[in-house]
>>> print(open('input24.txt').read())   # compact mmCIF, C-alpha atoms and all ligand atoms
# COMPACT_ATOMS: atom_id res chain seq x y z
CA MET A 1 6.15 -205.32 -151.25
CA PRO A 2 2.50 -206.44 -150.98
CA ARG A 3 0.92 -207.30 -154.31
CA LEU A 4 -1.81 -204.96 -155.51
CA PRO A 5 -5.28 -206.58 -155.42
CA ILE A 6 -6.75 -207.75 -158.71
CA LEU A 7 -8.58 -204.87 -160.36
CA THR A 8 -12.38 -205.10 -159.97
CA ARG A 9 -15.30 -202.72 -160.26
CA ALA A 10 -15.22 -202.31 -156.46
CA ASN A 11 -11.61 -201.13 -156.21
CA ALA A 12 -11.19 -199.34 -159.56
CA ASP A 13 -11.17 -195.56 -160.00
CA LYS A 14 -13.02 -194.78 -163.25
CA HIS A 15 -10.84 -191.73 -163.90
CA ASP A 16 -7.68 -193.80 -163.62
CA LEU A 17 -9.09 -196.38 -166.07
CA TYR A 18 -10.14 -193.62 -168.47
CA GLU A 19 -6.67 -192.09 -168.45
CA ARG A 20 -4.96 -195.44 -168.97
CA ALA A 21 -7.29 -196.25 -171.88
CA VAL A 22 -7.57 -193.00 -173.81
CA GLN A 23 -5.13 -190.35 -172.67
CA SER A 24 -1.45 -189.74 -173.47
CA PRO A 25 -0.65 -186.41 -171.83
CA GLU A 26 3.08 -186.74 -172.57
CA ALA A 27 2.51 -187.26 -176.31
CA GLU A 28 -0.16 -184.55 -176.40
CA ILE A 29 2.07 -181.99 -174.69
CA ASP A 30 5.05 -183.03 -176.89
CA PHE A 31 2.92 -182.19 -179.93
CA VAL A 32 1.49 -178.95 -178.56
CA ASP A 33 4.83 -177.66 -177.25
CA ALA A 34 6.71 -178.43 -180.48
CA THR A 35 3.95 -177.09 -182.74
CA TYR A 36 3.64 -173.83 -180.81
CA ARG A 37 7.41 -173.39 -181.13
CA LYS A 38 7.23 -174.00 -184.89
CA LEU A 39 4.34 -171.58 -185.36
CA LYS A 40 5.61 -168.77 -183.14
CA GLY A 41 9.39 -169.28 -183.09
CA LYS A 42 9.49 -169.35 -179.27
CA LYS A 43 8.37 -171.44 -176.33
CA ALA A 44 4.99 -170.87 -174.69
CA ALA A 45 4.66 -170.61 -170.91
CA LEU A 46 0.95 -170.08 -170.11
CA LEU A 47 -1.53 -172.86 -170.91
CA ARG A 48 -5.24 -173.29 -170.20
CA GLU A 49 -6.75 -176.76 -170.42
CA ASP A 50 -10.49 -176.51 -171.16
CA PHE A 51 -12.73 -179.47 -170.18
CA CYS A 52 -9.69 -180.47 -168.12
CA GLY A 53 -11.30 -183.40 -166.28
CA THR A 54 -8.51 -184.67 -164.01
CA ALA A 55 -6.10 -182.14 -165.56
CA ALA A 56 -3.52 -184.71 -166.64
CA SER A 57 -2.33 -182.47 -169.51
CA ALA A 58 -2.13 -179.30 -167.39
CA CYS A 59 0.02 -181.23 -164.88
CA GLU A 60 2.25 -182.48 -167.68
CA TRP A 61 2.64 -178.87 -168.87
CA VAL A 62 3.91 -177.57 -165.51
CA ARG A 63 6.27 -180.56 -165.18
CA ARG A 64 7.98 -179.63 -168.47
CA ARG A 65 9.63 -176.31 -167.51
CA THR A 66 9.82 -174.24 -164.34
CA THR A 67 8.67 -171.24 -166.40
CA ASN A 68 5.41 -173.01 -167.34
CA ARG A 69 2.09 -172.25 -165.63
CA ALA A 70 -1.32 -173.86 -166.22
CA ILE A 71 -4.96 -173.63 -165.30
CA GLY A 72 -7.60 -176.26 -165.88
CA LEU A 73 -11.31 -175.48 -166.27
CA ASP A 74 -14.04 -178.05 -165.72
CA LEU A 75 -17.64 -177.96 -164.53
CA ASP A 76 -17.51 -181.12 -162.45
CA ALA A 77 -16.25 -180.69 -158.88
CA PRO A 78 -15.74 -184.43 -158.07
CA THR A 79 -13.65 -184.86 -161.25
CA LEU A 80 -11.51 -181.85 -160.34
CA ALA A 81 -11.08 -183.22 -156.80
CA ASN A 82 -9.94 -186.53 -158.26
CA GLY A 83 -7.38 -184.68 -160.41
CA MET A 84 -6.15 -182.68 -157.40
CA GLN A 85 -5.61 -185.86 -155.42
CA ARG A 86 -4.14 -188.11 -158.10
CA HIS A 87 -2.13 -185.60 -160.17
CA VAL A 88 -1.68 -182.14 -158.67
CA ALA A 89 -0.78 -183.46 -155.20
CA LYS A 90 1.96 -185.59 -156.78
CA LEU A 91 3.73 -182.62 -158.40
CA THR A 92 6.66 -181.09 -156.50
CA PRO A 93 5.57 -178.35 -154.05
CA GLU A 94 7.18 -175.79 -156.38
CA ALA A 95 5.27 -177.09 -159.44
CA GLN A 96 2.04 -177.05 -157.44
CA THR A 97 2.38 -173.26 -157.12
CA ARG A 98 2.21 -173.02 -160.94
CA ILE A 99 -1.10 -174.78 -161.49
CA GLU A 100 -4.70 -174.14 -160.50
CA LEU A 101 -7.92 -175.99 -161.29
CA LEU A 102 -11.10 -173.95 -161.42
CA LYS A 103 -14.71 -175.12 -161.45
CA ARG A 104 -15.92 -173.04 -164.37
CA ASN A 105 -17.90 -173.23 -167.57
CA VAL A 106 -15.56 -172.90 -170.57
CA LEU A 107 -18.19 -170.63 -172.16
CA ASP A 108 -17.43 -168.13 -169.39
CA PRO A 109 -13.81 -168.57 -168.24
CA GLY A 110 -13.92 -165.19 -166.46
CA ALA A 111 -11.27 -162.84 -165.10
CA ALA A 112 -10.50 -165.31 -162.30
CA SER A 113 -8.95 -167.68 -164.81
CA VAL A 114 -6.58 -164.97 -166.13
CA LYS A 115 -5.61 -164.00 -162.57
CA ALA A 116 -5.00 -167.63 -161.59
CA LEU A 117 -2.77 -168.15 -164.64
CA GLY A 118 -0.90 -164.85 -164.19
CA GLY A 119 -1.84 -163.60 -167.67
CA SER A 120 -3.76 -164.54 -170.81
CA PRO A 121 -3.07 -168.07 -172.06
CA GLN A 122 -0.71 -168.53 -175.00
CA ILE A 123 -2.18 -172.00 -175.49
CA VAL A 124 -5.76 -173.21 -174.97
CA LEU A 125 -6.44 -176.94 -175.26
CA ALA A 126 -9.81 -178.59 -175.99
CA MET A 127 -8.97 -182.27 -176.26
CA ASN A 128 -10.70 -185.61 -176.45
CA PHE A 129 -13.46 -184.11 -178.58
CA SER A 130 -15.03 -182.45 -175.52
CA TYR A 131 -16.25 -179.47 -177.57
CA TRP A 132 -18.63 -181.83 -179.44
CA LEU A 133 -21.09 -181.39 -176.58
CA PHE A 134 -21.85 -178.00 -178.19
CA LYS A 135 -24.44 -179.09 -180.73
CA THR A 136 -25.30 -176.02 -182.77
CA ARG A 137 -23.15 -173.83 -185.02
CA GLU A 138 -24.06 -170.76 -182.90
CA ILE A 139 -22.96 -172.32 -179.61
CA LEU A 140 -19.80 -173.90 -181.00
CA ARG A 141 -18.83 -170.66 -182.79
CA GLY A 142 -19.59 -168.80 -179.55
CA TYR A 143 -17.23 -171.10 -177.65
CA PHE A 144 -14.51 -170.59 -180.27
CA GLU A 145 -15.00 -166.79 -180.04
CA THR A 146 -14.64 -166.98 -176.26
CA VAL A 147 -11.38 -168.92 -176.62
CA ARG A 148 -10.08 -166.42 -179.18
CA ARG A 149 -10.88 -163.47 -176.90
CA SER A 150 -9.17 -165.21 -173.96
CA LEU A 151 -5.93 -165.93 -175.82
CA ALA A 152 -2.86 -163.71 -175.62
CA LYS A 153 -1.82 -161.94 -178.85
CA ASP A 154 0.61 -164.75 -179.63
CA GLY A 155 -2.01 -167.36 -178.69
CA VAL A 156 -2.79 -170.69 -180.37
CA PHE A 157 -5.86 -172.87 -179.83
CA PHE A 158 -5.33 -176.65 -180.11
CA LEU A 159 -8.20 -179.14 -180.59
CA ASP A 160 -8.52 -182.72 -181.68
CA HIS A 161 -11.01 -184.40 -183.97
CA TYR A 162 -11.99 -187.93 -184.94
CA GLY A 163 -13.78 -189.23 -187.98
CA GLY A 164 -13.85 -191.73 -190.81
CA SER A 165 -16.69 -193.99 -191.86
CA ASP A 166 -16.64 -195.93 -188.53
CA ALA A 167 -17.59 -192.77 -186.66
CA TYR A 168 -21.10 -192.95 -188.16
CA ASP A 169 -21.69 -196.57 -187.15
CA GLU A 170 -23.36 -197.97 -184.05
CA VAL A 171 -20.47 -200.24 -183.06
CA LYS A 172 -18.44 -201.29 -180.04
CA GLU A 173 -14.64 -201.34 -179.94
CA ARG A 174 -12.91 -203.38 -177.23
CA ARG A 175 -9.29 -202.99 -176.21
CA ARG A 176 -7.35 -204.87 -173.53
CA ILE A 177 -5.23 -202.56 -171.35
CA GLY A 178 -2.46 -203.30 -168.86
CA GLY A 179 -1.08 -206.34 -167.09
CA PRO A 180 -2.47 -209.49 -165.50
CA ARG A 181 -3.50 -208.05 -162.10
CA ARG A 182 -4.25 -204.42 -162.97
CA GLY A 183 -5.45 -205.03 -166.52
CA PHE A 184 -8.97 -204.40 -167.81
CA THR A 185 -10.93 -204.17 -171.04
CA TYR A 186 -11.91 -200.75 -172.34
CA VAL A 187 -15.15 -200.72 -174.35
CA TRP A 188 -15.96 -197.74 -176.59
CA ASP A 189 -19.66 -198.07 -177.32
CA GLN A 190 -21.00 -195.88 -180.15
CA ALA A 191 -24.56 -196.53 -179.00
CA SER A 192 -26.58 -194.32 -181.31
CA TYR A 193 -26.23 -191.93 -184.22
CA ASN A 194 -28.99 -189.83 -185.77
CA PRO A 195 -28.06 -188.75 -189.31
CA ILE A 196 -30.81 -186.11 -189.35
CA THR A 197 -29.43 -184.11 -186.41
CA GLY A 198 -25.86 -185.45 -186.32
CA GLU A 199 -26.38 -186.30 -182.64
CA LYS A 200 -24.64 -189.34 -181.24
CA THR A 201 -24.45 -191.00 -177.86
CA ASN A 202 -21.29 -192.84 -176.85
CA HIS A 203 -20.54 -194.73 -173.65
CA ILE A 204 -17.35 -196.03 -172.10
CA HIS A 205 -17.64 -199.31 -170.18
CA PHE A 206 -14.87 -201.16 -168.34
CA GLU A 207 -14.73 -204.94 -167.97
CA PHE A 208 -12.59 -206.81 -165.45
CA ARG A 209 -11.10 -210.29 -165.25
CA LYS A 210 -13.19 -210.92 -162.16
CA GLY A 211 -16.64 -209.72 -161.22
CA PRO A 212 -19.15 -207.39 -162.86
CA PRO A 213 -18.27 -204.72 -165.42
CA MET A 214 -18.52 -200.99 -164.84
CA MET A 215 -21.20 -200.09 -167.38
CA ARG A 216 -21.56 -196.52 -168.65
CA ALA A 217 -18.67 -195.23 -166.55
CA PHE A 218 -18.82 -192.24 -168.91
CA THR A 219 -21.55 -191.15 -171.34
CA TYR A 220 -21.23 -188.48 -174.00
CA HIS A 221 -24.12 -186.87 -175.85
CA TRP A 222 -22.37 -185.22 -178.77
CA ARG A 223 -22.86 -183.87 -182.24
CA LEU A 224 -20.59 -185.55 -184.76
CA TRP A 225 -18.97 -182.50 -186.32
CA SER A 226 -17.06 -182.89 -189.58
CA LEU A 227 -13.50 -181.66 -189.81
CA VAL A 228 -14.62 -179.21 -192.49
CA GLU A 229 -17.33 -177.70 -190.26
CA VAL A 230 -14.88 -177.27 -187.39
CA GLN A 231 -12.38 -175.40 -189.60
CA GLU A 232 -15.16 -173.21 -191.01
CA LEU A 233 -16.42 -172.30 -187.54
CA LEU A 234 -12.90 -171.50 -186.31
CA ARG A 235 -12.51 -169.16 -189.29
CA GLU A 236 -15.91 -167.58 -188.62
CA ALA A 237 -14.85 -167.05 -185.00
CA GLY A 238 -11.90 -164.98 -186.25
CA PHE A 239 -9.03 -167.48 -186.05
CA ARG A 240 -6.38 -167.42 -188.78
CA ASN A 241 -3.80 -169.91 -190.02
CA ILE A 242 -5.98 -172.91 -189.23
CA SER A 243 -4.00 -176.12 -189.78
CA VAL A 244 -4.85 -179.81 -189.65
CA TYR A 245 -2.26 -182.41 -188.59
CA TRP A 246 -2.85 -185.92 -189.93
CA GLU A 247 -1.44 -189.04 -188.29
CA GLY A 248 1.02 -191.28 -190.18
CA ASP A 249 0.59 -195.08 -190.48
CA ASP A 250 2.46 -197.82 -188.65
CA GLU A 251 3.41 -201.05 -190.41
CA LYS A 252 0.07 -202.67 -189.43
CA GLY A 253 -1.95 -199.81 -190.95
CA GLY A 254 -2.78 -198.24 -187.56
CA GLY A 255 -1.76 -194.74 -186.40
CA ASN A 256 1.94 -194.20 -185.58
CA GLY A 257 1.46 -191.24 -183.23
CA ILE A 258 3.27 -188.83 -185.58
CA PHE A 259 1.06 -185.95 -186.73
CA ARG A 260 2.06 -183.84 -189.73
CA LYS A 261 0.50 -180.68 -191.09
CA THR A 262 -1.27 -181.36 -194.38
CA THR A 263 -4.25 -180.38 -196.53
CA LYS A 264 -4.74 -183.94 -197.85
CA GLY A 265 -6.21 -186.60 -195.56
CA GLU A 266 -7.28 -190.15 -196.38
CA ALA A 267 -10.76 -191.67 -196.61
CA CYS A 268 -9.96 -194.16 -193.88
CA ARG A 269 -12.40 -195.92 -191.56
CA CYS A 270 -11.10 -194.21 -188.49
CA TYR A 271 -8.74 -191.29 -187.84
CA ILE A 272 -7.73 -188.88 -185.13
CA ALA A 273 -6.38 -185.45 -186.14
CA TYR A 274 -5.12 -182.35 -184.36
CA ILE A 275 -6.06 -178.80 -185.35
CA SER A 276 -4.24 -175.58 -184.52
CA ALA A 277 -5.80 -172.13 -184.91
CA GLU A 278 -3.92 -168.88 -184.35
CA LYS A 279 -5.41 -165.72 -182.82
C1 LIG B 301 -14.31 -186.01 -172.36
S1 LIG B 301 -13.93 -185.31 -170.77
C2 LIG B 301 -12.34 -184.67 -171.19
C3 LIG B 301 -11.27 -184.98 -170.18
C4 LIG B 301 -9.86 -184.60 -170.62
N1 LIG B 301 -9.73 -183.20 -170.97
C5 LIG B 301 -9.35 -185.43 -171.75
O1 LIG B 301 -8.66 -184.88 -172.63
O2 LIG B 301 -9.55 -186.64 -171.79
C6 LIG B 301 -15.01 -183.92 -170.77
C7 LIG B 301 -14.98 -183.03 -169.51
O3 LIG B 301 -15.63 -181.80 -169.83
C8 LIG B 301 -16.32 -181.33 -168.67
N2 LIG B 301 -17.32 -180.34 -169.15
C9 LIG B 301 -18.47 -180.58 -169.83
N3 LIG B 301 -19.07 -179.40 -170.15
C10 LIG B 301 -18.26 -178.39 -169.70
C11 LIG B 301 -18.32 -176.98 -169.74
N4 LIG B 301 -19.33 -176.34 -170.35
N5 LIG B 301 -17.33 -176.28 -169.15
C12 LIG B 301 -16.31 -176.91 -168.53
N6 LIG B 301 -16.18 -178.27 -168.47
C13 LIG B 301 -17.15 -179.00 -169.04
C14 LIG B 301 -16.87 -182.59 -168.04
O4 LIG B 301 -17.13 -182.39 -166.67
C15 LIG B 301 -15.72 -183.60 -168.30
O5 LIG B 301 -14.83 -183.66 -167.21
>>> encode(input="input24.txt", output="structure tokens", more="lines below")
Ligand SMILES: C[S@@+](CC[C@H](N)C(=O)[O-])C[C@H]1O[C@@H](n2cnc3c(N)ncnc32)[C@H](O)[C@@H]1O
Amino acid sequence: MPRLPILTRANADKHDLYERAVQSPEAEIDFVDATYRKLKGKKAALLREDFCGTAASACEWVRRRTTNRAIGLDLDAPTLANGMQRHVAKLTPEAQTRIELLKRNVLDPGAASVKALGGSPQIVLAMNFSYWLFKTREILRGYFETVRRSLAKDGVFFLDHYGGSDAYDEVKERRRIGGPRRGFTYVWDQASYNPITGEKTNHIHFEFRKGPPMMRAFTYHWRLWSLVEVQELLREAGFRNISVYWEGDDEKGGGNGIFRKTTKGEACRCYIAYISAEK
């Protein structure tokens, strides 16, 4: 078999690098599937992935069970096309009939999204902090209200959140990913934070063993919401039974990937948490 060329800026796909660096659709869907079952005493079938990007999680959802269906909503047509080519096209033909990606604003998912899914979603996902692009309480609450209206009666909204003292700093984190030929360095660049407005700009850069880096492959202009504010706004939007799931520690003091429901977090430098909110 011919060896793959060494990864460089010229031959890399930024979406593939992003997924390898920051996404774990299997672990995410494990959590969401098991938590829904715990909350509702049954398995969900209909899932909507908001801000779906390349729809890696929606694809993982339809792979899980033949009764599962998914839609992904995203505003960016080239990103959706990338997801169609790299993920949806690789599902079995049967699984492909159970997923659809729509170019839509999550603030207005529309009747088309319900039709495409074959009913109201039992699960809506807003992952990788994408909802932080909504920078005022009114707009974020409005988004949460839209999600709540869209959900089926037995519906649950799942979001993630990151925080800790590091989140307020202007710092770069570098992480080496992958093997010798296809490896790269992921750089999370917290470029600016304004404590008066809470606005922050983050970039993702990718560096390669050979050749120039891919600077600002992704840029996010966000508001750094606190976990308390997010829970308050979910409540104001009409959600009930809002729960936070905190990650356990591994032996080196990092996260162990196991999230447990709790009302007591830790004042650590850096955390990622999940939130569930029931209709
Ligand atoms: C941080 S990426 C999230 C990708 C993926 N869901 C994940 O978990 O990593 C944010 C995505 O949200 C999309 N987006 C931004 N504003 C949106 C909106 N109002 N409605 C739908 N998609 C939006 C962008 O095009 C981008 O693909």
>>> closest_residue(input="input24.txt", among="A:Gly178, A:Pro93, A:Gly163, A:Pro213", to="Leu227 of chain A", atoms="all atoms listed in the file")
A:Gly163
>>> closest_atom_pairs(input="input24.txt", of="chain A", to="ligand LIG 301 (chain B)", cutoff="8 Å", atoms="only C-alpha atoms and all ligand atoms", output="JSON lines")
{"residue": "A:Tyr18", "atom": "CA", "partner": "B:LIG301", "partner_atom": "O2", "distance": 7.8}
{"residue": "A:Glu19", "atom": "CA", "partner": "B:LIG301", "partner_atom": "O2", "distance": 7.0}
{"residue": "A:Val22", "atom": "CA", "partner": "B:LIG301", "partner_atom": "O2", "distance": 7.0}
{"residue": "A:Gln23", "atom": "CA", "partner": "B:LIG301", "partner_atom": "O2", "distance": 5.8}
{"residue": "A:Glu49", "atom": "CA", "partner": "B:LIG301", "partner_atom": "N1", "distance": 7.1}
{"residue": "A:Asp50", "atom": "CA", "partner": "B:LIG301", "partner_atom": "C12", "distance": 6.4}
{"residue": "A:Phe51", "atom": "CA", "partner": "B:LIG301", "partner_atom": "O3", "distance": 3.7}
{"residue": "A:Cys52", "atom": "CA", "partner": "B:LIG301", "partner_atom": "N1", "distance": 3.9}
{"residue": "A:Gly53", "atom": "CA", "partner": "B:LIG301", "partner_atom": "O5", "distance": 3.7}
{"residue": "A:Thr54", "atom": "CA", "partner": "B:LIG301", "partner_atom": "C4", "distance": 6.7}
{"residue": "A:Ala55", "atom": "CA", "partner": "B:LIG301", "partner_atom": "N1", "distance": 6.6}
{"residue": "A:Ala56", "atom": "CA", "partner": "B:LIG301", "partner_atom": "C4", "distance": 7.5}
{"residue": "A:Ser57", "atom": "CA", "partner": "B:LIG301", "partner_atom": "O1", "distance": 7.5}
{"residue": "A:Leu73", "atom": "CA", "partner": "B:LIG301", "partner_atom": "C12", "distance": 5.7}
{"residue": "A:Asp74", "atom": "CA", "partner": "B:LIG301", "partner_atom": "N6", "distance": 3.5}
{"residue": "A:Leu75", "atom": "CA", "partner": "B:LIG301", "partner_atom": "N6", "distance": 4.2}
{"residue": "A:Asp76", "atom": "CA", "partner": "B:LIG301", "partner_atom": "O4", "distance": 4.4}
{"residue": "A:Thr79", "atom": "CA", "partner": "B:LIG301", "partner_atom": "O5", "distance": 6.2}
{"residue": "A:Leu80", "atom": "CA", "partner": "B:LIG301", "partner_atom": "O5", "distance": 7.8}
{"residue": "A:Lys103", "atom": "CA", "partner": "B:LIG301", "partner_atom": "C12", "distance": 7.5}
{"residue": "A:Arg104", "atom": "CA", "partner": "B:LIG301", "partner_atom": "C12", "distance": 5.7}
{"residue": "A:Asn105", "atom": "CA", "partner": "B:LIG301", "partner_atom": "N5", "distance": 3.5}
{"residue": "A:Val106", "atom": "CA", "partner": "B:LIG301", "partner_atom": "N5", "distance": 4.1}
{"residue": "A:Leu107", "atom": "CA", "partner": "B:LIG301", "partner_atom": "N4", "distance": 6.1}
{"residue": "A:Ala126", "atom": "CA", "partner": "B:LIG301", "partner_atom": "N1", "distance": 6.8}
{"residue": "A:Met127", "atom": "CA", "partner": "B:LIG301", "partner_atom": "O1", "distance": 4.5}
{"residue": "A:Asn128", "atom": "CA", "partner": "B:LIG301", "partner_atom": "O1", "distance": 4.4}
{"residue": "A:Phe129", "atom": "CA", "partner": "B:LIG301", "partner_atom": "C1", "distance": 6.6}
{"residue": "A:Ser130", "atom": "CA", "partner": "B:LIG301", "partner_atom": "C1", "distance": 4.8}
{"residue": "A:Tyr131", "atom": "CA", "partner": "B:LIG301", "partner_atom": "N3", "distance": 7.9}
{"residue": "A:Leu133", "atom": "CA", "partner": "B:LIG301", "partner_atom": "N3", "distance": 7.0}
{"residue": "A:Tyr220", "atom": "CA", "partner": "B:LIG301", "partner_atom": "C1", "distance": 7.5}
>>> closest_residue(input="input24.txt", among="A:Leu125, A:Ala45, A:Leu117, A:Ala217", to="Asp16 of chain A", atoms="only C-alpha atoms")
A:Ala217
>>> closest_residue(input="input24.txt", among="A:Thr201, A:Ser165, A:Gln231, A:Gln122", to="Lys40 of chain A", atoms="only C-alpha atoms")
A:Gln122
>>> closest_residue(input="input24.txt", among="A:Val171, A:Lys135, A:Pro212, A:Lys200", to="Phe184 of chain A", atoms="all atoms listed in the file")
A:Pro212
>>> atom_distance(input="input24.txt", atom1="atom CA of Arg86 of chain A", atom2="atom CA of Asp13 of chain A")
10.4 Å
>>> atom_distance(input="input24.txt", atom1="atom CA of Ile139 of chain A", atom2="atom CA of Glu232 of chain A")
13.8 Å
>>> closest_residue(input="input24.txt", among="A:Leu47, A:Ala12, A:Arg260, A:Thr219", to="Val114 of chain A", atoms="all atoms listed in the file")
A:Leu47
>>> atom_distance(input="input24.txt", atom1="atom CA of Leu101 of chain A", atom2="atom CA of Arg37 of chain A")
25.2 Å
>>> closest_residue(input="input24.txt", among="A:Ala112, A:Ile29, A:Ile123, A:Leu224", to="Lys153 of chain A", atoms="all atoms listed in the file")
A:Ile123
>>> residues_near_point(input="input24.txt", point="(-12.4, -196.7, -175.6)", cutoff="10 Å", atoms="all atoms listed in the file", output="MDAnalysis selection string")
chainID A and resid 18 21:22 172:176 185:190 202:206
>>> decode(input="input24.txt", residues="segment 74-81 of chain A", atoms="all heavy atoms", output="PDB file, in the first residue's frame")
ATOM      1  N   ASP A  74     -26.532  23.905  10.121  1.00  0.00           N
ATOM      2  CA  ASP A  74     -25.367  24.792  10.138  1.00  0.00           C
ATOM      3  C   ASP A  74     -25.571  25.844   9.059  1.00  0.00           C
ATOM      4  O   ASP A  74     -26.216  25.599   8.035  1.00  0.00           O
ATOM      5  CB  ASP A  74     -24.070  24.010   9.875  1.00  0.00           C
ATOM      6  CG  ASP A  74     -22.836  24.770  10.355  1.00  0.00           C
ATOM      7  OD1 ASP A  74     -22.416  25.743   9.664  1.00  0.00           O
ATOM      8  OD2 ASP A  74     -22.285  24.423  11.415  1.00  0.00           O
ATOM      9  N   LEU A  75     -24.967  27.006   9.279  1.00  0.00           N
ATOM     10  CA  LEU A  75     -25.113  28.125   8.331  1.00  0.00           C
ATOM     11  C   LEU A  75     -24.145  28.034   7.173  1.00  0.00           C
ATOM     12  O   LEU A  75     -24.347  28.703   6.158  1.00  0.00           O
ATOM     13  CB  LEU A  75     -24.783  29.437   9.070  1.00  0.00           C
ATOM     14  CG  LEU A  75     -25.893  30.170   9.765  1.00  0.00           C
ATOM     15  CD1 LEU A  75     -25.334  31.479  10.340  1.00  0.00           C
ATOM     16  CD2 LEU A  75     -27.018  30.476   8.784  1.00  0.00           C
ATOM     17  N   ASP A  76     -23.077  27.248   7.326  1.00  0.00           N
ATOM     18  CA  ASP A  76     -21.969  27.338   6.364  1.00  0.00           C
ATOM     19  C   ASP A  76     -22.009  26.201   5.343  1.00  0.00           C
ATOM     20  O   ASP A  76     -21.718  25.039   5.674  1.00  0.00           O
ATOM     21  CB  ASP A  76     -20.646  27.317   7.145  1.00  0.00           C
ATOM     22  CG  ASP A  76     -19.486  27.705   6.240  1.00  0.00           C
ATOM     23  OD1 ASP A  76     -19.530  28.822   5.690  1.00  0.00           O
ATOM     24  OD2 ASP A  76     -18.583  26.870   6.059  1.00  0.00           O
ATOM     25  N   ALA A  77     -22.342  26.546   4.095  1.00  0.00           N
ATOM     26  CA  ALA A  77     -22.508  25.516   3.063  1.00  0.00           C
ATOM     27  C   ALA A  77     -21.221  24.718   2.796  1.00  0.00           C
ATOM     28  O   ALA A  77     -21.281  23.485   2.705  1.00  0.00           O
ATOM     29  CB  ALA A  77     -23.039  26.160   1.778  1.00  0.00           C
ATOM     30  N   PRO A  78     -20.032  25.348   2.678  1.00  0.00           N
ATOM     31  CA  PRO A  78     -18.828  24.538   2.431  1.00  0.00           C
ATOM     32  C   PRO A  78     -18.537  23.546   3.559  1.00  0.00           C
ATOM     33  O   PRO A  78     -18.086  22.417   3.311  1.00  0.00           O
ATOM     34  CB  PRO A  78     -17.703  25.586   2.323  1.00  0.00           C
ATOM     35  CG  PRO A  78     -18.396  26.863   1.985  1.00  0.00           C
ATOM     36  CD  PRO A  78     -19.752  26.794   2.606  1.00  0.00           C
ATOM     37  N   THR A  79     -18.823  23.939   4.815  1.00  0.00           N
ATOM     38  CA  THR A  79     -18.601  23.016   5.942  1.00  0.00           C
ATOM     39  C   THR A  79     -19.559  21.830   5.840  1.00  0.00           C
ATOM     40  O   THR A  79     -19.168  20.670   6.033  1.00  0.00           O
ATOM     41  CB  THR A  79     -18.793  23.757   7.283  1.00  0.00           C
ATOM     42  OG1 THR A  79     -17.917  24.878   7.304  1.00  0.00           O
ATOM     43  CG2 THR A  79     -18.486  22.869   8.467  1.00  0.00           C
ATOM     44  N   LEU A  80     -20.817  22.109   5.508  1.00  0.00           N
ATOM     45  CA  LEU A  80     -21.794  21.017   5.358  1.00  0.00           C
ATOM     46  C   LEU A  80     -21.378  20.092   4.215  1.00  0.00           C
ATOM     47  O   LEU A  80     -21.470  18.858   4.336  1.00  0.00           O
ATOM     48  CB  LEU A  80     -23.191  21.595   5.079  1.00  0.00           C
ATOM     49  CG  LEU A  80     -23.848  22.326   6.253  1.00  0.00           C
ATOM     50  CD1 LEU A  80     -25.137  23.010   5.796  1.00  0.00           C
ATOM     51  CD2 LEU A  80     -24.148  21.363   7.398  1.00  0.00           C
ATOM     52  N   ALA A  81     -20.879  20.675   3.133  1.00  0.00           N
ATOM     53  CA  ALA A  81     -20.452  19.855   1.984  1.00  0.00           C
ATOM     54  C   ALA A  81     -19.289  18.956   2.378  1.00  0.00           C
ATOM     55  O   ALA A  81     -19.221  17.781   1.993  1.00  0.00           O
ATOM     56  CB  ALA A  81     -20.066  20.763   0.817  1.00  0.00           C
TER      57      ALA A  81
END
